[in-house]
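The data block below is data.tsv; it holds TSV, C-alpha atoms.
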```tsv
chain	number	residue	atom	x	y	z
A	1	MET	CA	6.91	5.97	-26.01
A	2	TYR	CA	7.90	2.72	-24.28
A	3	GLU	CA	5.23	0.50	-25.87
A	4	LYS	CA	7.70	-1.12	-28.28
A	5	ILE	CA	10.15	-2.17	-25.57
A	6	LYS	CA	9.92	-5.88	-24.75
A	7	LYS	CA	8.45	-6.94	-21.41
A	8	GLU	CA	11.61	-8.87	-20.60
A	9	VAL	CA	13.74	-5.74	-21.02
A	10	MET	CA	11.44	-3.61	-18.85
A	11	LEU	CA	11.38	-6.16	-16.03
A	12	GLU	CA	15.14	-6.63	-16.11
A	13	LYS	CA	15.71	-2.87	-15.90
A	14	LEU	CA	12.98	-2.09	-13.34
A	15	PHE	CA	13.21	-5.14	-11.08
A	16	GLY	CA	16.37	-6.96	-12.13
A	17	CYS	CA	14.45	-10.17	-12.75
A	18	SER	CA	12.69	-12.26	-15.38
A	19	ILE	CA	8.94	-12.52	-16.03
A	20	GLU	CA	8.72	-15.89	-14.28
A	21	ASP	CA	10.39	-14.51	-11.13
A	22	ILE	CA	7.33	-12.43	-10.18
A	23	SER	CA	4.46	-14.44	-8.76
A	24	ARG	CA	0.69	-14.17	-9.15
A	25	ASN	CA	0.34	-12.35	-5.81
A	26	VAL	CA	2.55	-9.35	-5.08
A	27	ILE	CA	2.93	-7.36	-1.85
A	28	ILE	CA	4.37	-3.86	-2.18
A	29	SER	CA	5.30	-1.39	0.53
A	30	PRO	CA	7.16	1.91	0.71
A	31	ILE	CA	8.30	1.37	4.30
A	32	TRP	CA	8.17	-2.22	5.58
A	33	PRO	CA	11.59	-3.91	5.11
A	34	LEU	CA	11.86	-7.01	2.95
A	35	SER	CA	13.58	-8.80	5.84
A	36	ARG	CA	10.32	-8.97	7.82
A	37	PHE	CA	8.74	-11.01	5.06
A	38	MET	CA	11.81	-13.12	4.43
A	39	GLU	CA	11.83	-14.15	8.10
A	40	LYS	CA	8.41	-15.77	7.56
A	41	ALA	CA	9.41	-17.69	4.44
A	42	GLU	CA	10.02	-21.40	4.11
A	43	CYS	CA	12.67	-20.52	1.57
A	44	ILE	CA	13.76	-17.70	-0.73
A	45	ILE	CA	13.10	-18.46	-4.38
A	46	LYS	CA	14.66	-15.34	-5.88
A	47	GLU	CA	16.11	-12.03	-4.68
A	48	PHE	CA	16.30	-9.26	-7.23
A	49	LYS	CA	17.37	-5.65	-7.52
A	50	GLY	CA	16.77	-3.16	-10.31
A	51	TRP	CA	15.23	0.25	-9.79
A	52	TYR	CA	13.19	-1.58	-7.15
A	53	LYS	CA	14.36	-4.24	-4.71
A	54	GLY	CA	12.28	-7.36	-4.26
A	55	VAL	CA	12.13	-11.01	-3.36
A	56	THR	CA	9.99	-13.98	-4.30
A	57	LEU	CA	9.61	-16.36	-1.40
A	58	LEU	CA	7.79	-19.55	-0.54
A	59	TYR	CA	5.18	-19.16	2.20
A	60	LYS	CA	3.03	-22.11	3.28
A	61	GLY	CA	3.75	-23.74	-0.05
A	62	GLU	CA	2.84	-20.74	-2.19
A	63	PRO	CA	5.17	-18.33	-4.05
A	64	ILE	CA	4.65	-14.66	-3.15
A	65	THR	CA	6.60	-11.66	-4.41
A	66	VAL	CA	7.37	-8.75	-2.07
A	67	ILE	CA	8.69	-5.44	-3.45
A	68	SER	CA	10.02	-2.31	-1.77
A	69	SER	CA	8.29	0.43	-3.77
A	70	GLY	CA	9.79	3.63	-2.35
A	71	ILE	CA	7.95	6.43	-0.57
A	72	GLY	CA	5.44	8.65	-2.36
A	73	ALA	CA	3.00	8.40	-5.26
A	74	PRO	CA	5.51	8.67	-8.15
A	75	LEU	CA	7.80	5.84	-7.01
A	76	THR	CA	5.04	3.55	-5.79
A	77	GLY	CA	2.75	4.28	-8.73
A	78	ASP	CA	5.50	3.52	-11.25
A	79	CYS	CA	6.24	0.30	-9.38
A	80	VAL	CA	2.65	-0.80	-9.95
A	81	ILE	CA	2.72	0.26	-13.60
A	82	ALA	CA	5.92	-1.78	-14.00
A	83	LEU	CA	4.13	-4.84	-12.62
A	84	GLY	CA	1.93	-4.63	-15.69
A	85	TYR	CA	4.83	-6.18	-17.62
A	86	SER	CA	4.67	-9.23	-15.34
A	87	GLN	CA	2.20	-12.04	-14.80
A	88	CYS	CA	1.01	-10.77	-11.42
A	89	GLU	CA	-2.75	-10.63	-10.84
A	90	ASN	CA	-3.20	-9.27	-7.32
A	91	ILE	CA	-1.36	-6.40	-5.62
A	92	PHE	CA	-1.48	-5.99	-1.84
A	93	PHE	CA	-0.27	-2.53	-0.78
A	94	SER	CA	0.73	-1.72	2.79
A	95	GLY	CA	1.96	1.44	4.50
A	96	SER	CA	1.05	3.81	7.32
A	97	ALA	CA	-1.43	6.67	7.67
A	98	GLY	CA	-2.50	9.50	9.92
A	99	ALA	CA	-6.02	9.19	11.27
A	100	ILE	CA	-8.72	11.71	10.43
A	101	ASP	CA	-11.75	9.86	11.83
A	102	GLU	CA	-11.83	9.99	15.63
A	103	LYS	CA	-12.66	6.29	15.91
A	104	LEU	CA	-9.16	5.39	14.69
A	105	ASN	CA	-6.27	5.19	17.15
A	106	ILE	CA	-2.53	4.68	16.82
A	107	GLY	CA	-1.74	1.04	16.10
A	108	ASP	CA	-5.16	0.36	14.57
A	109	ILE	CA	-5.33	-1.30	11.18
A	110	LEU	CA	-7.21	0.39	8.34
A	111	ILE	CA	-8.08	-1.55	5.20
A	112	CYS	CA	-9.41	0.22	2.17
A	113	ASN	CA	-10.43	-0.26	-1.42
A	114	GLU	CA	-11.32	3.42	-1.91
A	115	ALA	CA	-9.01	6.45	-2.05
A	116	VAL	CA	-9.41	10.12	-2.91
A	117	ILE	CA	-6.83	11.42	-5.38
A	118	GLY	CA	-4.70	14.19	-3.88
A	119	GLU	CA	-1.50	13.45	-5.80
A	120	GLY	CA	-0.31	14.30	-9.30
A	121	PHE	CA	0.68	10.81	-10.48
A	122	SER	CA	-2.90	9.73	-11.18
A	123	ARG	CA	-3.44	12.40	-13.84
A	124	TYR	CA	-0.95	10.61	-16.12
A	125	HIS	CA	-2.71	7.25	-15.84
A	126	SER	CA	-6.43	8.03	-15.53
A	127	GLY	CA	-7.12	7.98	-19.26
A	128	ASN	CA	-7.27	11.71	-19.99
A	129	ILE	CA	-4.27	13.87	-19.10
A	130	TYR	CA	-6.27	17.01	-19.94
A	131	ARG	CA	-8.81	16.30	-17.20
A	132	ASP	CA	-7.96	17.18	-13.60
A	133	CYS	CA	-8.75	14.16	-11.41
A	134	PHE	CA	-7.88	15.82	-8.07
A	135	GLY	CA	-10.54	14.95	-5.51
A	136	ASN	CA	-11.92	12.02	-7.48
A	137	VAL	CA	-12.51	8.67	-5.78
A	138	VAL	CA	-10.62	5.71	-7.22
A	139	SER	CA	-11.47	2.16	-6.19
A	140	GLY	CA	-9.56	-1.04	-5.66
A	141	SER	CA	-10.75	-4.61	-5.15
A	142	GLU	CA	-13.40	-5.45	-2.57
A	143	LYS	CA	-12.35	-9.11	-2.73
A	144	LEU	CA	-8.74	-8.36	-1.76
A	145	ALA	CA	-9.89	-5.94	0.93
A	146	GLN	CA	-12.08	-8.62	2.48
A	147	ALA	CA	-9.22	-11.13	2.38
A	148	MET	CA	-7.04	-8.71	4.35
A	149	ILE	CA	-9.82	-7.88	6.79
A	150	GLN	CA	-10.31	-11.55	7.63
A	151	LYS	CA	-6.63	-12.06	8.42
A	152	ALA	CA	-6.24	-8.69	10.18
A	153	VAL	CA	-9.14	-9.32	12.57
A	154	ILE	CA	-7.53	-12.56	13.74
A	155	ALA	CA	-4.19	-10.84	14.32
A	156	ALA	CA	-5.62	-7.68	15.92
A	157	HIS	CA	-7.31	-9.32	18.91
A	158	PRO	CA	-4.14	-10.27	20.84
A	159	LEU	CA	-2.58	-6.93	19.85
A	160	GLU	CA	-5.53	-5.09	21.45
A	161	VAL	CA	-6.04	-2.90	18.41
A	162	SER	CA	-9.05	-2.47	16.12
A	163	VAL	CA	-9.52	-3.21	12.44
A	164	HIS	CA	-11.45	-0.70	10.33
A	165	LYS	CA	-12.54	-0.48	6.70
A	166	GLY	CA	-12.50	3.00	5.23
A	167	ARG	CA	-11.36	5.57	2.68
A	168	VAL	CA	-8.04	7.41	2.54
A	169	PHE	CA	-6.81	10.67	1.04
A	170	SER	CA	-3.44	10.44	-0.74
A	171	ILE	CA	-1.49	13.67	-0.37
A	172	ASP	CA	1.65	14.86	-2.16
A	173	SER	CA	2.85	17.16	0.62
A	174	ILE	CA	3.21	16.32	4.30
A	175	LEU	CA	3.41	20.03	5.07
A	176	GLY	CA	0.26	20.45	3.00
A	177	GLU	CA	-1.66	18.92	5.90
A	178	ASN	CA	-3.40	22.02	7.25
A	179	LYS	CA	-6.89	23.12	8.26
A	180	ARG	CA	-8.06	23.71	4.69
A	181	SER	CA	-6.77	20.39	3.39
A	182	PHE	CA	-8.17	18.48	6.36
A	183	ASP	CA	-11.55	20.19	5.87
A	184	PHE	CA	-11.41	19.00	2.26
A	185	MET	CA	-10.54	15.44	3.30
A	186	ILE	CA	-13.40	15.39	5.80
A	187	SER	CA	-15.81	16.64	3.10
A	188	LYS	CA	-14.70	13.66	1.00
A	189	ASP	CA	-15.49	11.20	3.84
A	190	CYS	CA	-11.85	10.22	4.32
A	191	ASP	CA	-10.83	8.29	7.41
A	192	ALA	CA	-7.07	8.79	7.11
A	193	VAL	CA	-4.34	10.50	5.10
A	194	GLU	CA	-1.23	8.97	3.52
A	195	MET	CA	0.85	9.36	0.34
A	196	GLU	CA	0.45	6.41	-2.05
A	197	VAL	CA	-2.87	4.55	-2.11
A	198	SER	CA	-4.74	6.54	-4.77
A	199	ALA	CA	-1.73	6.20	-7.09
A	200	VAL	CA	-1.65	2.44	-6.44
A	201	PHE	CA	-5.35	2.13	-7.24
A	202	THR	CA	-5.10	4.31	-10.36
A	203	ALA	CA	-2.06	2.40	-11.63
A	204	SER	CA	-3.64	-0.99	-10.90
A	205	LYS	CA	-6.77	0.00	-12.77
A	206	SER	CA	-4.61	1.18	-15.69
A	207	ILE	CA	-2.82	-2.19	-15.97
A	208	GLY	CA	-5.92	-4.28	-15.20
A	209	ARG	CA	-4.82	-5.76	-11.87
A	210	ASN	CA	-6.66	-6.21	-8.56
A	211	THR	CA	-5.50	-4.23	-5.53
A	212	ALA	CA	-6.37	-3.18	-1.98
A	213	ALA	CA	-4.48	-1.48	0.84
A	214	LEU	CA	-3.71	-2.27	4.47
A	215	LEU	CA	-2.43	0.60	6.63
A	216	VAL	CA	-1.32	1.03	10.23
A	217	ILE	CA	-2.33	4.26	11.94
A	218	SER	CA	0.90	6.02	12.90
A	219	ASP	CA	-0.33	9.37	14.22
A	220	LEU	CA	-3.37	11.52	15.01
A	221	PRO	CA	-2.75	14.93	13.40
A	222	LEU	CA	-6.16	16.36	14.35
A	223	ARG	CA	-5.60	15.43	18.00
A	224	GLU	CA	-2.16	17.05	18.31
A	225	ARG	CA	-0.35	13.70	18.23
A	226	SER	CA	1.37	14.07	14.88
A	227	LEU	CA	4.78	13.37	13.38
A	228	PHE	CA	5.93	16.82	14.49
A	229	GLU	CA	4.10	17.20	17.80
A	230	GLY	CA	5.20	13.77	18.96
A	231	ILE	CA	3.33	10.74	20.24
A	232	GLN	CA	3.43	9.03	23.62
A	233	GLU	CA	5.71	6.04	24.21
A	234	PHE	CA	2.64	3.85	24.72
A	235	ASP	CA	1.36	4.82	21.26
A	236	GLU	CA	4.75	4.24	19.65
A	237	ILE	CA	4.83	0.71	21.09
A	238	LYS	CA	1.32	0.09	19.73
A	239	TYR	CA	2.38	1.24	16.27
A	240	LYS	CA	5.54	-0.85	16.22
A	241	THR	CA	3.75	-3.95	17.52
A	242	SER	CA	1.07	-3.73	14.82
A	243	SER	CA	3.70	-3.01	12.15
A	244	TYR	CA	5.69	-6.14	13.00
A	245	LYS	CA	2.56	-8.25	12.60
A	246	LEU	CA	1.78	-6.95	9.12
A	247	ALA	CA	4.07	-9.30	7.22
A	248	GLU	CA	2.16	-12.32	8.47
A	249	ILE	CA	-1.23	-10.69	7.82
A	250	LEU	CA	-0.31	-9.76	4.26
A	251	LEU	CA	1.25	-13.13	3.44
A	252	ASP	CA	-1.75	-15.01	4.82
A	253	ALA	CA	-4.11	-12.77	2.84
A	254	ALA	CA	-2.10	-13.32	-0.32
A	255	ILE	CA	-2.32	-17.11	-0.17
A	256	SER	CA	-6.07	-16.96	0.54
A	257	VAL	CA	-7.09	-15.54	-2.85
```
Exercise: express the given structure as structure tokens:
Amino acid sequence: MYEKIKKEVMLEKLFGCSIEDISRNVIISPIWPLSRFMEKAECIIKEFKGWYKGVTLLYKGEPITVISSGIGAPLTGDCVIALGYSQCENIFFSGSAGAIDEKLNIGDILICNEAVIGEGFSRYHSGNIYRDCFGNVVSGSEKLAQAMIQKAVIAAHPLEVSVHKGRVFSIDSILGENKRSFDFMISKDCDAVEMEVSAVFTASKSIGRNTAALLVISDLPLRERSLFEGIQEFDEIKYKTSSYKLAEILLDAAISV
């Protein structure tokens, strides 16, 4: 339906910018504020605002675009699809997740290039709308994942947290996290649960871009330390400390590829 609309028009409506304003490497996040990235910049090249807010900044001599994608698979997935109208090549996604695997703790960093589809967005962009893709594994870029791992390991040591590589389950319903759904996630070898990654990977594959995800573990739902049961102050400090470091990790990873 929208195939005949010019790229310039789509980018102006969706991002409030021109094609040349979006760089080769793009960082997107539903939760990390743009200000954290802007604080690390040598200068701001362009701030823009359409359906999505974003900024292109100069970091260590390289232009990088950072976009606030909105929470959930529909908003974040559409943000990635919209980037298909730009010249971007690599998409670095970052958010938070609840741990399923017992080796993960609050504040740890999980990097993944595999996700299990548990959201509805992917059905529209997987190539066959008549085929249910729920439970399928969708992959991102191993190269981008390794770039983030290298930078995350360096940053994690002084933070006293661990870096893991794993697989996530992307869910559409926070209150859908129950025994049956967790049993399903475990059967799919998932290490954590969140709300966007499988949509990001599906969308990136649809538009022919590279992508990987970096997540901070925010809670431990299987160990009664969830968003509703509460977490200890020590854990909250760990989460916040890791979160504040993410901007630097992601920017350094972006300029390394």
task = Compare A:Val163, A:Cys112, A:Ala253, A:Ile45 by their minimum atom-to-atom distance to A:Glu20, counting only C-alpha atoms, and give me the closest one.
result = A:Ile45
task = For stretch 188-201 of chain A, list every protein, DNA or RNA residue within 7 Å, evaluated using only C-alpha atoms, and leave out those in the same chain fewer than 3 positions away; present the list as a ChimeraX atom specification.
result = /A:72-73,76-77,80,96-101,115-117,121-122,138-140,166-172,184-185,204-205,211,213
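When all atoms listed in the file are used to measure the gap to A:Leu104, the shortest distance among A:Val216, A:Ile237, A:Cys88, A:Ile81 belongs to A:Val216.
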query = Which of these residues is nearest to A:Phe92, using all atoms listed in the file: A:Ser173, A:Ser187, A:Asn178, A:Asn210?
reply = A:Asn210
Please write out, as AutoDock Vina command-line options, where the centre of an axis-aligned box around all listed atoms of stretch 82-91 of chain A lies and how long its edges are, in Å to one decimal, after adding 4 Å on each side.
```
--center_x 1.4 --center_y -6.9 --center_z -11.6 --size_x 17.1 --size_y 18.3 --size_z 20.0
```
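Coordinates place atom CA of A:Gln87 at a distance of 25.1 Å from atom CA of A:Arg123.
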Non-local contacts of A:Gly95 (7 Å; all atoms listed in the file; under 4 positions in same chain excluded) as a PyMOL selection string = chain A and resi 29-31+214-216
message = Please report the interatomic distance between atom CA of A:Gly70 and atom CA of A:Ile207 in Å with one decimal.
response = 19.5 Å
ask   = Any idea what the distance is between atom CA of A:Asn128 and atom CA of A:Asn90?
value =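 Atom CA of A:Asn90 lies at a distance of 24.8 Å from atom CA of A:Asn128.
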remark   = Across A:Ile129, A:Ile19, A:Leu11, A:Ile64, the smallest distance to A:Tyr52, with all atoms listed in the file counted, is shown by A:Leu11
query = At a cut-off of 10 Å from (9.5, -5.4, -2.9) in the coordinates of the file, what residues are picked up using all atoms listed in the file, written as a ChimeraX atom specification?
reply = /A:15,26-34,37,47-49,52-56,65-70,79
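Candidate residues A:Asp132, A:Leu144, A:Lys103, A:Lys7 were compared for distance to A:Ile255, and the nearest is A:Leu144, using all atoms listed in the file.
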query = For A:Ala145, which residue among A:Ala212, A:Glu114, A:Glu3, A:Asp183 is the nearest when counting all atoms listed in the file?
reply =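 Between A:Ala212, A:Glu114, A:Glu3, A:Asp183, the residue approaching A:Ala145 most closely is A:Ala212.
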task = Considering only C-alpha atoms, return as a list of chain:residue names whatever protein or nucleic-acid residues lie within 9 Å of A:Glu42, sequence-local ones (same chain, fewer than 5 positions apart) excluded.
result = A:Leu57, A:Leu58, A:Tyr59, A:Lys60, A:Gly61
request  = Within 10 Å of A:Glu248, counting all atoms listed in the file, which residues show up once you throw out same-chain ones fewer than 4 positions away? Write them as a ChimeraX atom specification, please.
outcome  = /A:36-37,39-41,59,151-152,155,244,252-254
message = Excluding A:Pro158 and its own-chain neighbours fewer than 3 positions away, which residues fall within 12 Å of it when counting only C-alpha atoms? Please give them as a PyMOL selection string.
response = chain A and resi 152-155+161-162+238+241-242+245
Since the input is missing atoms, can you rebuild N, CA and C atoms for stretch 138-164 of chain A and write them as a JSON list (two decimals), keeping the file's coordinate frame?
```json
[["chain", "number", "residue", "atom", "x", "y", "z"],
["A", 138, "VAL", "N", -11.06, 6.84, -6.41],
["A", 138, "VAL", "CA", -10.62, 5.71, -7.22],
["A", 138, "VAL", "C", -10.72, 4.45, -6.36],
["A", 139, "SER", "N", -11.18, 3.37, -6.96],
["A", 139, "SER", "CA", -11.47, 2.16, -6.19],
["A", 139, "SER", "C", -10.51, 1.03, -6.50],
["A", 140, "GLY", "N", -10.33, 0.18, -5.51],
["A", 140, "GLY", "CA", -9.56, -1.04, -5.66],
["A", 140, "GLY", "C", -10.51, -2.24, -5.64],
["A", 141, "SER", "N", -10.00, -3.36, -5.13],
["A", 141, "SER", "CA", -10.75, -4.61, -5.15],
["A", 141, "SER", "C", -11.39, -4.90, -3.79],
["A", 142, "GLU", "N", -12.70, -5.08, -3.79],
["A", 142, "GLU", "CA", -13.40, -5.45, -2.57],
["A", 142, "GLU", "C", -12.99, -6.85, -2.12],
["A", 143, "LYS", "N", -12.75, -7.74, -3.07],
["A", 143, "LYS", "CA", -12.35, -9.11, -2.73],
["A", 143, "LYS", "C", -11.03, -9.13, -1.98],
["A", 144, "LEU", "N", -10.04, -8.38, -2.45],
["A", 144, "LEU", "CA", -8.74, -8.36, -1.76],
["A", 144, "LEU", "C", -8.86, -7.66, -0.41],
["A", 145, "ALA", "N", -9.69, -6.62, -0.35],
["A", 145, "ALA", "CA", -9.89, -5.94, 0.93],
["A", 145, "ALA", "C", -10.49, -6.89, 1.96],
["A", 146, "GLN", "N", -11.46, -7.67, 1.56],
["A", 146, "GLN", "CA", -12.08, -8.62, 2.48],
["A", 146, "GLN", "C", -11.10, -9.70, 2.92],
["A", 147, "ALA", "N", -10.24, -10.13, 2.02],
["A", 147, "ALA", "CA", -9.22, -11.13, 2.38],
["A", 147, "ALA", "C", -8.30, -10.58, 3.46],
["A", 148, "MET", "N", -7.92, -9.31, 3.35],
["A", 148, "MET", "CA", -7.04, -8.71, 4.35],
["A", 148, "MET", "C", -7.77, -8.46, 5.66],
["A", 149, "ILE", "N", -9.03, -8.09, 5.57],
["A", 149, "ILE", "CA", -9.82, -7.88, 6.79],
["A", 149, "ILE", "C", -9.90, -9.16, 7.61],
["A", 150, "GLN", "N", -10.18, -10.27, 6.93],
["A", 150, "GLN", "CA", -10.31, -11.55, 7.63],
["A", 150, "GLN", "C", -9.05, -11.91, 8.39],
["A", 151, "LYS", "N", -7.90, -11.72, 7.77],
["A", 151, "LYS", "CA", -6.63, -12.06, 8.42],
["A", 151, "LYS", "C", -6.26, -11.02, 9.48],
["A", 152, "ALA", "N", -6.58, -9.75, 9.23],
["A", 152, "ALA", "CA", -6.24, -8.69, 10.18],
["A", 152, "ALA", "C", -7.04, -8.81, 11.47],
["A", 153, "VAL", "N", -8.30, -9.18, 11.38],
["A", 153, "VAL", "CA", -9.14, -9.32, 12.57],
["A", 153, "VAL", "C", -8.58, -10.39, 13.50],
["A", 154, "ILE", "N", -8.12, -11.48, 12.93],
["A", 154, "ILE", "CA", -7.53, -12.56, 13.74],
["A", 154, "ILE", "C", -6.28, -12.07, 14.46],
["A", 155, "ALA", "N", -5.46, -11.31, 13.75],
["A", 155, "ALA", "CA", -4.19, -10.84, 14.32],
["A", 155, "ALA", "C", -4.39, -9.70, 15.30],
["A", 156, "ALA", "N", -5.44, -8.89, 15.12],
["A", 156, "ALA", "CA", -5.62, -7.68, 15.92],
["A", 156, "ALA", "C", -6.05, -7.96, 17.36],
["A", 157, "HIS", "N", -6.76, -9.04, 17.57],
["A", 157, "HIS", "CA", -7.31, -9.32, 18.91],
["A", 157, "HIS", "C", -6.22, -9.40, 19.98],
["A", 158, "PRO", "N", -5.19, -10.23, 19.81],
["A", 158, "PRO", "CA", -4.14, -10.27, 20.84],
["A", 158, "PRO", "C", -3.31, -8.99, 20.92],
["A", 159, "LEU", "N", -3.32, -8.19, 19.85],
["A", 159, "LEU", "CA", -2.58, -6.93, 19.85],
["A", 159, "LEU", "C", -3.35, -5.81, 20.56],
["A", 160, "GLU", "N", -4.64, -6.07, 20.82],
["A", 160, "GLU", "CA", -5.53, -5.09, 21.45],
["A", 160, "GLU", "C", -5.64, -3.81, 20.61],
["A", 161, "VAL", "N", -5.76, -4.00, 19.31],
["A", 161, "VAL", "CA", -6.04, -2.90, 18.41],
["A", 161, "VAL", "C", -7.28, -3.26, 17.59],
["A", 162, "SER", "N", -7.83, -2.26, 16.90],
["A", 162, "SER", "CA", -9.05, -2.47, 16.12],
["A", 162, "SER", "C", -8.75, -2.48, 14.63],
["A", 163, "VAL", "N", -9.60, -3.16, 13.89],
["A", 163, "VAL", "CA", -9.52, -3.21, 12.44],
["A", 163, "VAL", "C", -10.69, -2.42, 11.87],
["A", 164, "HIS", "N", -10.42, -1.54, 10.94],
["A", 164, "HIS", "CA", -11.45, -0.70, 10.33],
["A", 164, "HIS", "C", -11.38, -0.83, 8.81]]
```
